[in-house]
Amino acid sequence: DILDVASGSGVWSIAIAEEFKESRVTAVDFPEILKITREYINRHNLGSRYKYSQGDLRDTNFGNERYDLVILGHICHSEGEIYTQQLLKKSFRALKKGGILLVAEFLLNNDKSGPLMPLIFALNMLLNTDEGDVFKITELKRWIVNAGFGRVEILDKAPSVSPLILAFRK
């Protein structure tokens, strides 16, 4: 089972659901966004494998040890430092033992000098959100470990300013 947090169009979970034919996905987002999610899911003929959970991710209970995979696809930056750490802890609790957390984010290097796109995006967060920010790789990794995860892998081999982070629940 997969939990797609702040699913938006479902881009992350659609790709995974198409690859893993037996997977079932729960998409969490605001009601008006889930209407869009459903459209994309139906375009990919995956409607029978999706459930939808309406609500604010800060208030939504993800449950305990229910999922094999939790996806946080470009949501941490809008949540800010405090809520991102809370979201990581909720995600940890929602995962079964041996489950995986997938995080996709714009990330800054450790001295916050780049890359350029995450720096520009950080400015966008500063201007357009109350708490949003772009984090250093080491910050996000530390928060993931503090949430309880064991091994953390950063998949940054592709030419991207948005590496994928995999964290494994012990």
# chains A, B, ... in the order shown; residues from 1 in each chain; ligands from 1
$ residues_around --residues "Leu72 (chain A)" --least-positions-apart "5" --cutoff "8 Å" --atoms "only C-alpha atoms" --output "NGL selection string"
:A and (4-6 or 101-104)
$ select_by_dssp --residues "region 5-157 of chain A" --states "strand (DSSP E or B)" --output "PyMOL selection string"
chain A and resi 5+25-29+50-54+67-73+95-104+107-108+135-136+152-155
$ write_last_selection --atoms "C-alpha atoms" --output "short mmCIF file (atom, residue, chain, number, x, y, z; two decimals), in the first residue's frame"
data_model
loop_
_atom_site.label_atom_id
_atom_site.label_comp_id
_atom_site.auth_asym_id
_atom_site.auth_seq_id
_atom_site.Cartn_x
_atom_site.Cartn_y
_atom_site.Cartn_z
CA VAL A 5 0.74 12.91 0.70
CA VAL A 25 -2.71 4.04 -3.39
CA THR A 26 -4.32 6.46 -0.96
CA ALA A 27 -4.07 10.05 -2.20
CA VAL A 28 -4.29 12.77 0.47
CA ASP A 29 -4.98 16.38 -0.46
CA TYR A 50 -6.90 4.56 -5.72
CA LYS A 51 -8.66 5.78 -2.59
CA TYR A 52 -8.94 9.45 -1.74
CA SER A 53 -8.59 11.10 1.66
CA GLN A 54 -9.72 14.72 1.78
CA TYR A 67 1.81 1.59 4.26
CA ASP A 68 4.78 0.10 2.45
CA LEU A 69 5.63 3.44 0.85
CA VAL A 70 4.91 7.06 1.79
CA ILE A 71 5.52 9.72 -0.86
CA LEU A 72 6.32 13.33 0.01
CA GLY A 73 6.66 14.80 -3.46
CA LEU A 95 4.95 3.04 7.49
CA LYS A 96 5.10 -0.66 8.17
CA LYS A 97 8.40 -2.01 9.43
CA GLY A 98 10.69 -2.19 6.41
CA GLY A 99 8.65 0.52 4.66
CA ILE A 100 10.16 3.28 2.58
CA LEU A 101 9.74 7.05 2.64
CA LEU A 102 10.28 8.76 -0.73
CA VAL A 103 10.99 12.49 -0.56
CA ALA A 104 11.46 14.69 -3.62
CA LEU A 107 17.65 21.05 -1.83
CA LEU A 108 20.49 23.45 -1.16
CA PHE A 135 16.38 23.19 3.11
CA LYS A 136 19.97 22.05 3.10
CA VAL A 152 18.84 7.26 4.29
CA GLU A 153 19.92 7.34 0.65
CA ILE A 154 20.13 10.43 -1.52
CA LEU A 155 19.64 9.61 -5.19
#
$ closest_residue --among "A:Ser160, A:Asn146, A:Asn64, A:Ser23" --to "Gln85 (chain A)" --atoms "only C-alpha atoms"
A:Asn146
$ closest_residue --among "A:Glu19, A:Asp56, A:Glu105, A:Glu32" --to "Pro163 (chain A)" --atoms "only C-alpha atoms"
A:Glu105
$ closest_residue --among "A:Thr84, A:Asn128, A:Thr37, A:Ser48" --to "Gly8 (chain A)" --atoms "only C-alpha atoms"
A:Thr37
$ closest_residue --among "A:Pro115, A:Ala122, A:Val145, A:Phe106" --to "Ser162 (chain A)" --atoms "only C-alpha atoms"
A:Phe106
$ select_by_dssp --residues "chain A" --states "alpha helix (DSSP H)" --output "PyMOL selection string"
chain A and resi 11-19+31-43+76-94+116-128+137-146
$ closest_residue --among "A:Met125, A:Phe62, A:Val161, A:Lys21" --to "Leu88 (chain A)" --atoms "only C-alpha atoms"
A:Phe62
$ closest_residue --among "A:Asp133, A:Asp156, A:Asp111, A:Glu22" --to "Tyr83 (chain A)" --atoms "only C-alpha atoms"
A:Asp133
$ atom_distance --atom1 "CA of Ile36 (chain A)" --atom2 "CA of Ser9 (chain A)"
6.1 Å
$ residues_around --residues "Glu39 (chain A)" --least-positions-apart "5" --cutoff "10 Å" --atoms "only C-alpha atoms" --output "PyMOL selection string"
chain A and resi 9-10+34+44-45+47
$ atom_distance --atom1 "CA of Lys157 (chain A)" --atom2 "CA of Gly80 (chain A)"
26.1 Å
$ atom_distance --atom1 "CA of Lys141 (chain A)" --atom2 "CA of Ala17 (chain A)"
26.2 Å
